[in-house]
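Here is the file start-v7.pdb (PDB, C-alpha atoms, pLDDT in the B column).
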```
ATOM      1  CA  MET A  24     -60.612 -18.451 -31.145  1.00 43.00           C
ATOM      2  CA  LYS A  25     -57.386 -19.850 -29.670  1.00 54.00           C
ATOM      3  CA  ASN A  26     -58.104 -17.925 -26.461  1.00 62.00           C
ATOM      4  CA  TYR A  27     -61.199 -20.095 -26.061  1.00 67.00           C
ATOM      5  CA  GLU A  28     -58.731 -22.694 -24.769  1.00 79.00           C
ATOM      6  CA  MET A  29     -58.324 -20.529 -21.643  1.00 84.00           C
ATOM      7  CA  LEU A  30     -61.759 -21.637 -20.498  1.00 91.00           C
ATOM      8  CA  LYS A  31     -60.424 -25.167 -20.064  1.00 90.00           C
ATOM      9  CA  SER A  32     -58.407 -23.950 -17.066  1.00 90.00           C
ATOM     10  CA  LEU A  33     -61.585 -23.091 -15.149  1.00 95.00           C
ATOM     11  CA  PRO A  34     -62.725 -25.560 -12.479  1.00 95.00           C
ATOM     12  CA  LYS A  35     -65.095 -28.183 -13.872  1.00 95.00           C
ATOM     13  CA  GLU A  36     -66.625 -29.026 -10.511  1.00 96.00           C
ATOM     14  CA  ARG A  37     -68.700 -26.754  -8.332  1.00 96.00           C
ATOM     15  CA  LEU A  38     -67.639 -26.087  -4.746  1.00 98.00           C
ATOM     16  CA  GLU A  39     -70.157 -26.526  -1.970  1.00 98.00           C
ATOM     17  CA  ALA A  40     -70.579 -23.482   0.275  1.00 98.00           C
ATOM     18  CA  ARG A  41     -69.512 -25.263   3.461  1.00 97.00           C
ATOM     19  CA  GLN A  42     -66.291 -26.544   1.897  1.00 97.00           C
ATOM     20  CA  PHE A  43     -65.567 -23.136   0.369  1.00 98.00           C
ATOM     21  CA  LEU A  44     -66.020 -21.471   3.758  1.00 97.00           C
ATOM     22  CA  ARG A  45     -63.730 -23.987   5.433  1.00 97.00           C
ATOM     23  CA  HIS A  46     -61.021 -23.034   2.919  1.00 96.00           C
ATOM     24  CA  CYS A  47     -61.714 -19.327   3.545  1.00 96.00           C
ATOM     25  CA  PHE A  48     -61.185 -19.679   7.261  1.00 96.00           C
ATOM     26  CA  GLY A  49     -58.231 -22.048   6.898  1.00 95.00           C
ATOM     27  CA  ILE A  50     -59.916 -24.926   8.681  1.00 96.00           C
ATOM     28  CA  ALA A  51     -60.471 -27.354   5.796  1.00 95.00           C
ATOM     29  CA  GLU A  52     -57.618 -29.628   6.864  1.00 95.00           C
ATOM     30  CA  LEU A  53     -58.654 -29.924  10.520  1.00 95.00           C
ATOM     31  CA  SER A  54     -59.856 -33.179  12.073  1.00 96.00           C
ATOM     32  CA  SER A  55     -63.598 -33.681  12.430  1.00 95.00           C
ATOM     33  CA  GLY A  56     -63.430 -32.847  16.138  1.00 95.00           C
ATOM     34  CA  GLU A  57     -61.505 -29.630  15.486  1.00 96.00           C
ATOM     35  CA  LEU A  58     -63.914 -28.726  12.658  1.00 96.00           C
ATOM     36  CA  LEU A  59     -66.847 -29.213  15.001  1.00 95.00           C
ATOM     37  CA  GLU A  60     -65.244 -26.875  17.520  1.00 95.00           C
ATOM     38  CA  GLU A  61     -64.600 -24.176  14.892  1.00 95.00           C
ATOM     39  CA  GLU A  62     -67.988 -24.463  13.202  1.00 96.00           C
ATOM     40  CA  THR A  63     -69.944 -24.328  16.461  1.00 95.00           C
ATOM     41  CA  ASP A  64     -68.308 -21.048  17.501  1.00 94.00           C
ATOM     42  CA  SER A  65     -71.074 -18.537  18.151  1.00 92.00           C
ATOM     43  CA  GLN A  66     -69.775 -16.071  15.532  1.00 96.00           C
ATOM     44  CA  TYR A  67     -68.872 -18.574  12.807  1.00 97.00           C
ATOM     45  CA  ARG A  68     -72.190 -18.613  10.906  1.00 96.00           C
ATOM     46  CA  LYS A  69     -72.360 -14.814  11.018  1.00 96.00           C
ATOM     47  CA  LYS A  70     -68.851 -14.631   9.508  1.00 97.00           C
ATOM     48  CA  CYS A  71     -69.857 -17.199   6.869  1.00 97.00           C
ATOM     49  CA  ILE A  72     -72.839 -15.077   5.834  1.00 97.00           C
ATOM     50  CA  THR A  73     -70.595 -12.003   5.667  1.00 97.00           C
ATOM     51  CA  VAL A  74     -68.143 -13.832   3.392  1.00 97.00           C
ATOM     52  CA  LEU A  75     -70.831 -15.151   1.036  1.00 98.00           C
ATOM     53  CA  CYS A  76     -72.500 -11.725   0.820  1.00 97.00           C
ATOM     54  CA  ALA A  77     -69.201 -10.003   0.027  1.00 97.00           C
ATOM     55  CA  VAL A  78     -67.827 -12.417  -2.554  1.00 97.00           C
ATOM     56  CA  LEU A  79     -71.119 -12.984  -4.370  1.00 97.00           C
ATOM     57  CA  GLY A  80     -72.419  -9.433  -4.079  1.00 96.00           C
ATOM     58  CA  VAL A  81     -75.739 -10.435  -2.505  1.00 97.00           C
ATOM     59  CA  GLN A  82     -77.658  -9.217   0.535  1.00 97.00           C
ATOM     60  CA  ARG A  83     -77.747 -10.967   3.926  1.00 97.00           C
ATOM     61  CA  PRO A  84     -81.456 -11.946   3.641  1.00 97.00           C
ATOM     62  CA  THR A  85     -80.640 -13.739   0.373  1.00 97.00           C
ATOM     63  CA  VAL A  86     -77.904 -15.822   2.021  1.00 98.00           C
ATOM     64  CA  ARG A  87     -80.113 -16.564   5.012  1.00 97.00           C
ATOM     65  CA  LYS A  88     -82.777 -17.931   2.649  1.00 97.00           C
ATOM     66  CA  TRP A  89     -80.229 -20.477   1.422  1.00 98.00           C
ATOM     67  CA  GLY A  90     -80.482 -22.340   4.710  1.00 96.00           C
ATOM     68  CA  SER A  91     -80.295 -22.104   8.452  1.00 94.00           C
ATOM     69  CA  ASP A  92     -77.225 -24.318   8.790  1.00 95.00           C
ATOM     70  CA  LEU A  93     -73.662 -24.135   7.478  1.00 96.00           C
ATOM     71  CA  ASN A  94     -74.409 -26.130   4.314  1.00 97.00           C
ATOM     72  CA  PHE A  95     -76.462 -23.322   2.753  1.00 98.00           C
ATOM     73  CA  ASP A  96     -78.238 -26.017   0.710  1.00 97.00           C
ATOM     74  CA  GLY A  97     -80.430 -23.476  -1.077  1.00 98.00           C
ATOM     75  CA  ILE A  98     -77.500 -21.706  -2.734  1.00 98.00           C
ATOM     76  CA  PRO A  99     -78.024 -21.699  -6.512  1.00 97.00           C
ATOM     77  CA  ASN A 100     -75.899 -24.118  -8.505  1.00 97.00           C
ATOM     78  CA  TYR A 101     -74.315 -21.309 -10.528  1.00 97.00           C
ATOM     79  CA  CYS A 102     -73.082 -19.716  -7.277  1.00 98.00           C
ATOM     80  CA  LYS A 103     -71.280 -22.945  -6.405  1.00 98.00           C
ATOM     81  CA  PHE A 104     -69.284 -22.581  -9.617  1.00 98.00           C
ATOM     82  CA  THR A 105     -68.535 -18.977  -8.681  1.00 98.00           C
ATOM     83  CA  LEU A 106     -67.180 -20.271  -5.361  1.00 98.00           C
ATOM     84  CA  ALA A 107     -65.004 -22.743  -7.274  1.00 97.00           C
ATOM     85  CA  TYR A 108     -63.613 -19.882  -9.412  1.00 97.00           C
ATOM     86  CA  ILE A 109     -62.903 -17.800  -6.292  1.00 97.00           C
ATOM     87  CA  HIS A 110     -61.112 -20.749  -4.705  1.00 96.00           C
ATOM     88  CA  ALA A 111     -59.078 -21.429  -7.865  1.00 95.00           C
ATOM     89  CA  ALA A 112     -58.057 -17.754  -8.038  1.00 95.00           C
ATOM     90  CA  GLU A 113     -56.977 -17.958  -4.380  1.00 94.00           C
ATOM     91  CA  ILE A 114     -58.825 -14.729  -3.558  1.00 93.00           C
ATOM     92  CA  VAL A 115     -59.851 -15.964  -0.138  1.00 90.00           C
ATOM     93  CA  PRO A 116     -58.276 -16.426   2.436  1.00 89.00           C
ATOM     94  CA  ASN A 117     -55.903 -13.691   1.145  1.00 89.00           C
ATOM     95  CA  GLN A 118     -58.738 -11.145   1.215  1.00 94.00           C
ATOM     96  CA  LEU A 119     -60.484 -12.486   4.328  1.00 94.00           C
ATOM     97  CA  ASN A 120     -59.703  -9.485   6.540  1.00 94.00           C
ATOM     98  CA  SER A 121     -60.969  -6.974   3.980  1.00 95.00           C
ATOM     99  CA  ILE A 122     -64.105  -9.084   3.503  1.00 95.00           C
ATOM    100  CA  LEU A 123     -64.869  -9.282   7.217  1.00 95.00           C
ATOM    101  CA  THR A 124     -64.283  -5.542   7.696  1.00 94.00           C
ATOM    102  CA  GLY A 125     -66.498  -4.623   4.723  1.00 93.00           C
ATOM    103  CA  GLU A 126     -63.643  -3.213   2.624  1.00 95.00           C
ATOM    104  CA  TYR A 127     -63.723  -5.894  -0.071  1.00 96.00           C
ATOM    105  CA  ASN A 128     -65.096  -5.136  -3.523  1.00 94.00           C
ATOM    106  CA  ALA A 129     -65.938  -8.174  -5.623  1.00 94.00           C
ATOM    107  CA  PRO A 130     -64.492  -7.968  -9.136  1.00 96.00           C
ATOM    108  CA  GLU A 131     -67.004  -7.067 -11.800  1.00 96.00           C
ATOM    109  CA  VAL A 132     -66.557  -7.714 -15.516  1.00 97.00           C
ATOM    110  CA  ASP A 133     -69.290  -7.036 -18.062  1.00 97.00           C
ATOM    111  CA  ALA A 134     -70.138  -9.607 -20.723  1.00 97.00           C
ATOM    112  CA  GLN A 135     -68.575  -7.690 -23.599  1.00 97.00           C
ATOM    113  CA  THR A 136     -65.220  -7.253 -21.845  1.00 97.00           C
ATOM    114  CA  PHE A 137     -65.175 -10.933 -20.917  1.00 97.00           C
ATOM    115  CA  LEU A 138     -66.106 -12.095 -24.409  1.00 96.00           C
ATOM    116  CA  GLU A 139     -63.517  -9.815 -26.023  1.00 95.00           C
ATOM    117  CA  LYS A 140     -60.835 -11.246 -23.722  1.00 93.00           C
ATOM    118  CA  ILE A 141     -61.819 -14.857 -24.374  1.00 94.00           C
ATOM    119  CA  LEU A 142     -62.821 -14.738 -28.040  1.00 93.00           C
ATOM    120  CA  LEU A 143     -60.950 -11.815 -29.608  1.00 94.00           C
ATOM    121  CA  GLU A 144     -57.813 -10.912 -27.665  1.00 91.00           C
ATOM    122  CA  GLY A 145     -54.622 -11.473 -29.639  1.00 91.00           C
ATOM    123  CA  LEU A 146     -56.348 -11.506 -33.024  1.00 93.00           C
ATOM    124  CA  THR A 147     -55.445  -9.106 -35.820  1.00 94.00           C
ATOM    125  CA  GLU A 148     -58.015  -6.496 -36.890  1.00 95.00           C
ATOM    126  CA  LYS A 149     -58.794  -8.596 -39.945  1.00 96.00           C
ATOM    127  CA  GLN A 150     -59.300 -11.738 -37.821  1.00 94.00           C
ATOM    128  CA  ILE A 151     -61.522  -9.830 -35.382  1.00 94.00           C
ATOM    129  CA  LEU A 152     -63.651  -8.535 -38.244  1.00 95.00           C
ATOM    130  CA  GLN A 153     -63.969 -12.049 -39.701  1.00 94.00           C
ATOM    131  CA  THR A 154     -64.852 -13.488 -36.293  1.00 93.00           C
ATOM    132  CA  VAL A 155     -67.500 -10.956 -35.271  1.00 93.00           C
ATOM    133  CA  SER A 156     -69.124 -10.891 -38.717  1.00 93.00           C
ATOM    134  CA  HIS A 157     -69.438 -14.693 -38.809  1.00 91.00           C
ATOM    135  CA  ALA A 158     -73.028 -15.909 -38.717  1.00 90.00           C
ATOM    136  CA  ASN A 159     -72.379 -18.049 -35.612  1.00 93.00           C
ATOM    137  CA  PHE A 160     -70.648 -15.350 -33.541  1.00 94.00           C
ATOM    138  CA  ARG A 161     -73.692 -14.521 -31.387  1.00 94.00           C
ATOM    139  CA  ALA A 162     -74.282 -18.226 -30.776  1.00 94.00           C
ATOM    140  CA  THR A 163     -70.620 -18.569 -29.753  1.00 94.00           C
ATOM    141  CA  CYS A 164     -71.012 -15.640 -27.317  1.00 96.00           C
ATOM    142  CA  VAL A 165     -74.139 -17.187 -25.792  1.00 97.00           C
ATOM    143  CA  LYS A 166     -72.484 -20.609 -25.546  1.00 95.00           C
ATOM    144  CA  THR A 167     -69.395 -19.131 -23.879  1.00 96.00           C
ATOM    145  CA  LEU A 168     -71.456 -17.297 -21.258  1.00 97.00           C
ATOM    146  CA  THR A 169     -73.685 -20.302 -20.527  1.00 97.00           C
ATOM    147  CA  GLN A 170     -70.614 -22.537 -20.069  1.00 96.00           C
ATOM    148  CA  VAL A 171     -68.819 -20.135 -17.746  1.00 97.00           C
ATOM    149  CA  LEU A 172     -71.870 -19.020 -15.746  1.00 98.00           C
ATOM    150  CA  HIS A 173     -73.559 -22.446 -15.665  1.00 97.00           C
ATOM    151  CA  ILE A 174     -76.983 -21.063 -16.483  1.00 96.00           C
ATOM    152  CA  GLY A 175     -79.503 -21.731 -19.248  1.00 96.00           C
ATOM    153  CA  THR A 176     -79.174 -20.498 -22.802  1.00 96.00           C
ATOM    154  CA  LYS A 177     -82.568 -18.760 -22.676  1.00 97.00           C
ATOM    155  CA  SER A 178     -81.474 -16.612 -19.724  1.00 96.00           C
ATOM    156  CA  VAL A 179     -78.388 -15.409 -21.579  1.00 97.00           C
ATOM    157  CA  GLN A 180     -80.350 -14.743 -24.780  1.00 96.00           C
ATOM    158  CA  ASP A 181     -82.797 -12.610 -22.798  1.00 97.00           C
ATOM    159  CA  TRP A 182     -80.000 -10.271 -21.669  1.00 97.00           C
ATOM    160  CA  GLY A 183     -79.784  -8.526 -25.028  1.00 94.00           C
ATOM    161  CA  GLN A 184     -79.197  -8.912 -28.732  1.00 90.00           C
ATOM    162  CA  ASP A 185     -75.637  -7.619 -28.954  1.00 90.00           C
ATOM    163  CA  MET A 186     -72.321  -8.615 -27.424  1.00 91.00           C
ATOM    164  CA  SER A 187     -72.831  -6.319 -24.425  1.00 95.00           C
ATOM    165  CA  PHE A 188     -75.696  -8.425 -23.010  1.00 97.00           C
ATOM    166  CA  HIS A 189     -76.581  -5.230 -21.125  1.00 96.00           C
ATOM    167  CA  LYS A 190     -79.366  -6.845 -19.061  1.00 97.00           C
ATOM    168  CA  MET A 191     -76.991  -9.347 -17.410  1.00 97.00           C
ATOM    169  CA  PRO A 192     -77.522  -9.323 -13.602  1.00 96.00           C
ATOM    170  CA  LYS A 193     -74.668  -8.011 -11.467  1.00 95.00           C
ATOM    171  CA  ILE A 194     -74.115 -11.358  -9.712  1.00 96.00           C
ATOM    172  CA  HIS A 195     -73.018 -12.840 -13.045  1.00 97.00           C
ATOM    173  CA  LYS A 196     -70.638  -9.926 -13.653  1.00 97.00           C
ATOM    174  CA  HIS A 197     -68.920 -10.946 -10.427  1.00 97.00           C
ATOM    175  CA  THR A 198     -68.699 -14.526 -11.666  1.00 97.00           C
ATOM    176  CA  LEU A 199     -67.045 -13.355 -14.895  1.00 98.00           C
ATOM    177  CA  GLY A 200     -64.577 -11.324 -12.820  1.00 97.00           C
ATOM    178  CA  TYR A 201     -63.694 -14.380 -10.756  1.00 97.00           C
ATOM    179  CA  ALA A 202     -63.465 -16.536 -13.880  1.00 96.00           C
ATOM    180  CA  LEU A 203     -60.877 -14.154 -15.366  1.00 95.00           C
ATOM    181  CA  ALA A 204     -58.974 -14.138 -12.058  1.00 95.00           C
ATOM    182  CA  ALA A 205     -58.937 -17.958 -12.020  1.00 95.00           C
ATOM    183  CA  ILE A 206     -57.785 -18.081 -15.657  1.00 93.00           C
ATOM    184  CA  SER A 207     -55.043 -15.556 -14.889  1.00 90.00           C
ATOM    185  CA  LYS A 208     -53.886 -17.535 -11.837  1.00 89.00           C
ATOM    186  CA  SER A 209     -53.870 -20.746 -13.867  1.00 83.00           C
ATOM    187  CA  SER A 210     -51.894 -19.220 -16.754  1.00 78.00           C
ATOM    188  CA  LYS A 211     -49.307 -17.768 -14.328  1.00 69.00           C
ATOM    189  CA  ALA A 212     -48.856 -21.198 -12.740  1.00 55.00           C
ATOM    190  CA  TRP A 213     -48.549 -22.783 -16.185  1.00 49.00           C
ATOM    191  CA  ASN A 214     -45.999 -20.173 -17.284  1.00 50.00           C
ATOM    192  CA  LYS A 215     -43.916 -20.814 -14.137  1.00 51.00           C
ATOM    193  CA  GLN A 216     -43.962 -24.546 -14.863  1.00 48.00           C
ATOM    194  CA  ALA A 217     -42.881 -23.998 -18.458  1.00 43.00           C
ATOM    195  CA  ALA A 218     -39.977 -21.724 -17.433  1.00 42.00           C
TER     196      ALA A 218
END
```
Could you rewrite the structure in this file as structure tokens?
Amino acid sequence: MKNYEMLKSLPKERLEARQFLRHCFGIAELSSGELLEEETDSQYRKKCITVLCAVLGVQRPTVRKWGSDLNFDGIPNYCKFTLAYIHAAEIVPNQLNSILTGEYNAPEVDAQTFLEKILLEGLTEKQILQTVSHANFRATCVKTLTQVLHIGTKSVQDWGQDMSFHKMPKIHKHTLGYALAAISKSSKAWNKQAA
């Protein structure tokens, strides 16, 4: 369970869509006048929709339903945490060109792979057996997924009875992929500091 500590490196605060997009396009540090000029460009909103579709793995009509302005106020709360993970992993703006040209593939990690990495990696076979056969193991799996995905316990429980949670929607698989990328980025930075 020592790997469970890795989750503490994930961002605790969600990132609003508009702020995330400003970071993506490298305009977050501009003055308000310069921001206004960039954000009123005729192609800017279209590019924003393209970015959100690509990184979250959703369709354009879905993003359009989130709002007609650049705030995308209707974006689900759990997606804002996904945006925070993407930002922490520094995926965008590094991948911006591949996103805008349609060549980007959002990372996808299934629940079992994620849970094995967080809860079991580095344990001996005996420790793994003790951990997975513990009466609270399923509850620990559910708790871990609800904390990382920022969704309700009932939703996670409805995805299946075993560790695979095979009914988990694809959008959450992307979030788990970004969470692992953010954890990896954080641990590399920590290792550099310690060296």
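Ranking A:Ile114, A:Met186, A:Glu126, A:Cys102 by their shortest atom-to-atom distance to Glu139 in chain A, with all atoms listed in the file included, puts A:Met186 first.
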Could you list, as a PyMOL selection string, every residue within 9 Å of Pro116 in chain A, counting only C-alpha atoms and ignoring same-chain residues fewer than 6 positions away? chain A and resi 46-49+110
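CA of Leu119 in chain A is found 12.0 Å from CA of Arg45 in chain A.
With all atoms listed in the file as the atoms that count, the minimum distance from Asn94 in chain A to the choices A:Gln180, A:Thr63, A:Gln42, A:Asn117 is reached by A:Gln42.
Shortest separation to Trp89 in chain A among A:Met191, A:Ala40, A:Val132, A:Ala107 occurs at residue A:Ala40, atoms counted being only C-alpha atoms.
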For Phe104 in chain A, please output as a short mmCIF file (atom, residue, chain, number, x, y, z; two decimals) with C-alpha atoms, in the coordinates of the input all residues within 9 Å (counting only C-alpha atoms; exclusion window: fewer than 4 positions along the same chain).
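Result written to result_4.cif:
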```
data_model
loop_
_atom_site.label_atom_id
_atom_site.label_comp_id
_atom_site.auth_asym_id
_atom_site.auth_seq_id
_atom_site.Cartn_x
_atom_site.Cartn_y
_atom_site.Cartn_z
CA PRO A 34 -62.72 -25.56 -12.48
CA LYS A 35 -65.10 -28.18 -13.87
CA GLU A 36 -66.62 -29.03 -10.51
CA ARG A 37 -68.70 -26.75 -8.33
CA LEU A 38 -67.64 -26.09 -4.75
CA GLU A 39 -70.16 -26.53 -1.97
CA ASN A 100 -75.90 -24.12 -8.51
CA TYR A 108 -63.61 -19.88 -9.41
CA ILE A 109 -62.90 -17.80 -6.29
CA VAL A 171 -68.82 -20.14 -17.75
CA LEU A 172 -71.87 -19.02 -15.75
CA HIS A 173 -73.56 -22.45 -15.66
CA THR A 198 -68.70 -14.53 -11.67
#
```
So that I can check the surroundings of range 149-156 of chain A, please list as a PyMOL selection string every protein, DNA and RNA residue that reaches within 12 Å of it, counting only C-alpha atoms and ignoring chain neighbours fewer than 4 positions away. chain A and resi 24-25+138-140+142-145+160-164+185-186
Print the selection's residues with C-alpha atoms to a file, as an mmCIF file, keeping the file's coordinate frame.
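Saved as out_26.cif:
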```cif
data_model
loop_
_atom_site.group_PDB
_atom_site.id
_atom_site.type_symbol
_atom_site.label_atom_id
_atom_site.label_comp_id
_atom_site.auth_asym_id
_atom_site.auth_seq_id
_atom_site.Cartn_x
_atom_site.Cartn_y
_atom_site.Cartn_z
ATOM 1 C CA MET A 24 -60.612 -18.451 -31.145
ATOM 2 C CA LYS A 25 -57.386 -19.850 -29.670
ATOM 3 C CA LEU A 138 -66.106 -12.095 -24.409
ATOM 4 C CA GLU A 139 -63.517 -9.815 -26.023
ATOM 5 C CA LYS A 140 -60.835 -11.246 -23.722
ATOM 6 C CA LEU A 142 -62.821 -14.738 -28.040
ATOM 7 C CA LEU A 143 -60.950 -11.815 -29.608
ATOM 8 C CA GLU A 144 -57.813 -10.912 -27.665
ATOM 9 C CA GLY A 145 -54.622 -11.473 -29.639
ATOM 10 C CA PHE A 160 -70.648 -15.350 -33.541
ATOM 11 C CA ARG A 161 -73.692 -14.521 -31.387
ATOM 12 C CA ALA A 162 -74.282 -18.226 -30.776
ATOM 13 C CA THR A 163 -70.620 -18.569 -29.753
ATOM 14 C CA CYS A 164 -71.012 -15.640 -27.317
ATOM 15 C CA ASP A 185 -75.637 -7.619 -28.954
ATOM 16 C CA MET A 186 -72.321 -8.615 -27.424
#
```
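Counting only C-alpha atoms, the residue from A:Arg83, A:Val165, A:Gly56, A:Ile72 that sits nearest to Gly183 in chain A is A:Val165.
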Pick from A:Val86, A:Val74, A:Leu146, A:Ala202 nearest to Gln170 in chain A, counting all atoms listed in the file: A:Ala202
Apply the PyMOL selection byres ((chain A and resi 75-78) around 8) to the structure shown and report the selected residues as a PyMOL selection string. chain A and resi 71-74+79-83+86+122+125+127-129
With C-alpha atoms kept, could you save the residues just selected as a short mmCIF file (atom, residue, chain, number, x, y, z; two decimals), in the coordinates of the input?
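What follows is the written file out-v6.cif:
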```
data_model
loop_
_atom_site.label_atom_id
_atom_site.label_comp_id
_atom_site.auth_asym_id
_atom_site.auth_seq_id
_atom_site.Cartn_x
_atom_site.Cartn_y
_atom_site.Cartn_z
CA CYS A 71 -69.86 -17.20 6.87
CA ILE A 72 -72.84 -15.08 5.83
CA THR A 73 -70.60 -12.00 5.67
CA VAL A 74 -68.14 -13.83 3.39
CA LEU A 79 -71.12 -12.98 -4.37
CA GLY A 80 -72.42 -9.43 -4.08
CA VAL A 81 -75.74 -10.44 -2.50
CA GLN A 82 -77.66 -9.22 0.54
CA ARG A 83 -77.75 -10.97 3.93
CA VAL A 86 -77.90 -15.82 2.02
CA ILE A 122 -64.10 -9.08 3.50
CA GLY A 125 -66.50 -4.62 4.72
CA TYR A 127 -63.72 -5.89 -0.07
CA ASN A 128 -65.10 -5.14 -3.52
CA ALA A 129 -65.94 -8.17 -5.62
#
```
Restricting to only C-alpha atoms, whichever of A:Phe188, A:Tyr67, A:Tyr201, A:Phe95 is closest to Glu131 in chain A is A:Tyr201
Separation of CA of Val179 in chain A from CA of Phe43 in chain A in Å: 26.6 Å
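What separates CA of Ser178 in chain A from CA of Asn159 in chain A is a distance of 18.4 Å.
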Please rebuild range 159-166 of chain A with all heavy atoms and give the result as an mmCIF file, in the coordinates of the input.
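File produced: rebuild.cif:
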```
data_model
loop_
_atom_site.group_PDB
_atom_site.id
_atom_site.type_symbol
_atom_site.label_atom_id
_atom_site.label_comp_id
_atom_site.auth_asym_id
_atom_site.auth_seq_id
_atom_site.Cartn_x
_atom_site.Cartn_y
_atom_site.Cartn_z
ATOM 1 N N ASN A 159 -72.252 -17.343 -36.891
ATOM 2 C CA ASN A 159 -72.379 -18.049 -35.612
ATOM 3 C C ASN A 159 -71.797 -17.287 -34.426
ATOM 4 O O ASN A 159 -71.741 -17.822 -33.322
ATOM 5 C CB ASN A 159 -71.677 -19.412 -35.692
ATOM 6 C CG ASN A 159 -72.443 -20.386 -36.549
ATOM 7 O OD1 ASN A 159 -73.645 -20.256 -36.711
ATOM 8 N ND2 ASN A 159 -71.739 -21.347 -37.116
ATOM 9 N N PHE A 160 -71.337 -16.047 -34.626
ATOM 10 C CA PHE A 160 -70.648 -15.350 -33.541
ATOM 11 C C PHE A 160 -71.546 -15.142 -32.323
ATOM 12 O O PHE A 160 -71.135 -15.377 -31.195
ATOM 13 C CB PHE A 160 -70.062 -14.009 -34.010
ATOM 14 C CG PHE A 160 -69.262 -13.324 -32.937
ATOM 15 C CD1 PHE A 160 -68.089 -13.893 -32.467
ATOM 16 C CD2 PHE A 160 -69.695 -12.134 -32.376
ATOM 17 C CE1 PHE A 160 -67.346 -13.290 -31.466
ATOM 18 C CE2 PHE A 160 -68.960 -11.516 -31.371
ATOM 19 C CZ PHE A 160 -67.783 -12.091 -30.920
ATOM 20 N N ARG A 161 -72.793 -14.722 -32.540
ATOM 21 C CA ARG A 161 -73.692 -14.521 -31.387
ATOM 22 C C ARG A 161 -73.906 -15.840 -30.647
ATOM 23 O O ARG A 161 -73.870 -15.880 -29.420
ATOM 24 C CB ARG A 161 -75.033 -13.939 -31.824
ATOM 25 C CG ARG A 161 -76.021 -13.910 -30.645
ATOM 26 C CD ARG A 161 -77.083 -12.856 -30.761
ATOM 27 N NE ARG A 161 -78.130 -13.055 -29.791
ATOM 28 C CZ ARG A 161 -78.076 -12.714 -28.514
ATOM 29 N NH1 ARG A 161 -77.010 -12.134 -28.041
ATOM 30 N NH2 ARG A 161 -79.089 -12.933 -27.700
ATOM 31 N N ALA A 162 -74.092 -16.916 -31.404
ATOM 32 C CA ALA A 162 -74.282 -18.226 -30.776
ATOM 33 C C ALA A 162 -73.042 -18.616 -29.967
ATOM 34 O O ALA A 162 -73.155 -19.186 -28.874
ATOM 35 C CB ALA A 162 -74.582 -19.284 -31.826
ATOM 36 N N THR A 163 -71.864 -18.286 -30.475
ATOM 37 C CA THR A 163 -70.620 -18.569 -29.753
ATOM 38 C C THR A 163 -70.565 -17.762 -28.457
ATOM 39 O O THR A 163 -70.161 -18.281 -27.416
ATOM 40 C CB THR A 163 -69.391 -18.246 -30.636
ATOM 41 O OG1 THR A 163 -69.458 -19.056 -31.808
ATOM 42 C CG2 THR A 163 -68.088 -18.512 -29.903
ATOM 43 N N CYS A 164 -70.977 -16.494 -28.514
ATOM 44 C CA CYS A 164 -71.012 -15.640 -27.317
ATOM 45 C C CYS A 164 -71.956 -16.225 -26.267
ATOM 46 O O CYS A 164 -71.609 -16.331 -25.085
ATOM 47 C CB CYS A 164 -71.449 -14.224 -27.676
ATOM 48 S SG CYS A 164 -70.240 -13.301 -28.634
ATOM 49 N N VAL A 165 -73.142 -16.614 -26.704
ATOM 50 C CA VAL A 165 -74.139 -17.187 -25.792
ATOM 51 C C VAL A 165 -73.603 -18.479 -25.185
ATOM 52 O O VAL A 165 -73.678 -18.693 -23.965
ATOM 53 C CB VAL A 165 -75.488 -17.424 -26.508
ATOM 54 C CG1 VAL A 165 -76.439 -18.238 -25.640
ATOM 55 C CG2 VAL A 165 -76.120 -16.088 -26.902
ATOM 56 N N LYS A 166 -73.027 -19.330 -26.019
ATOM 57 C CA LYS A 166 -72.484 -20.609 -25.546
ATOM 58 C C LYS A 166 -71.373 -20.376 -24.524
ATOM 59 O O LYS A 166 -71.314 -21.047 -23.486
ATOM 60 C CB LYS A 166 -71.945 -21.421 -26.731
ATOM 61 C CG LYS A 166 -71.362 -22.757 -26.334
ATOM 62 C CD LYS A 166 -70.803 -23.496 -27.533
ATOM 63 C CE LYS A 166 -70.112 -24.767 -27.080
ATOM 64 N NZ LYS A 166 -69.329 -25.390 -28.135
#
```
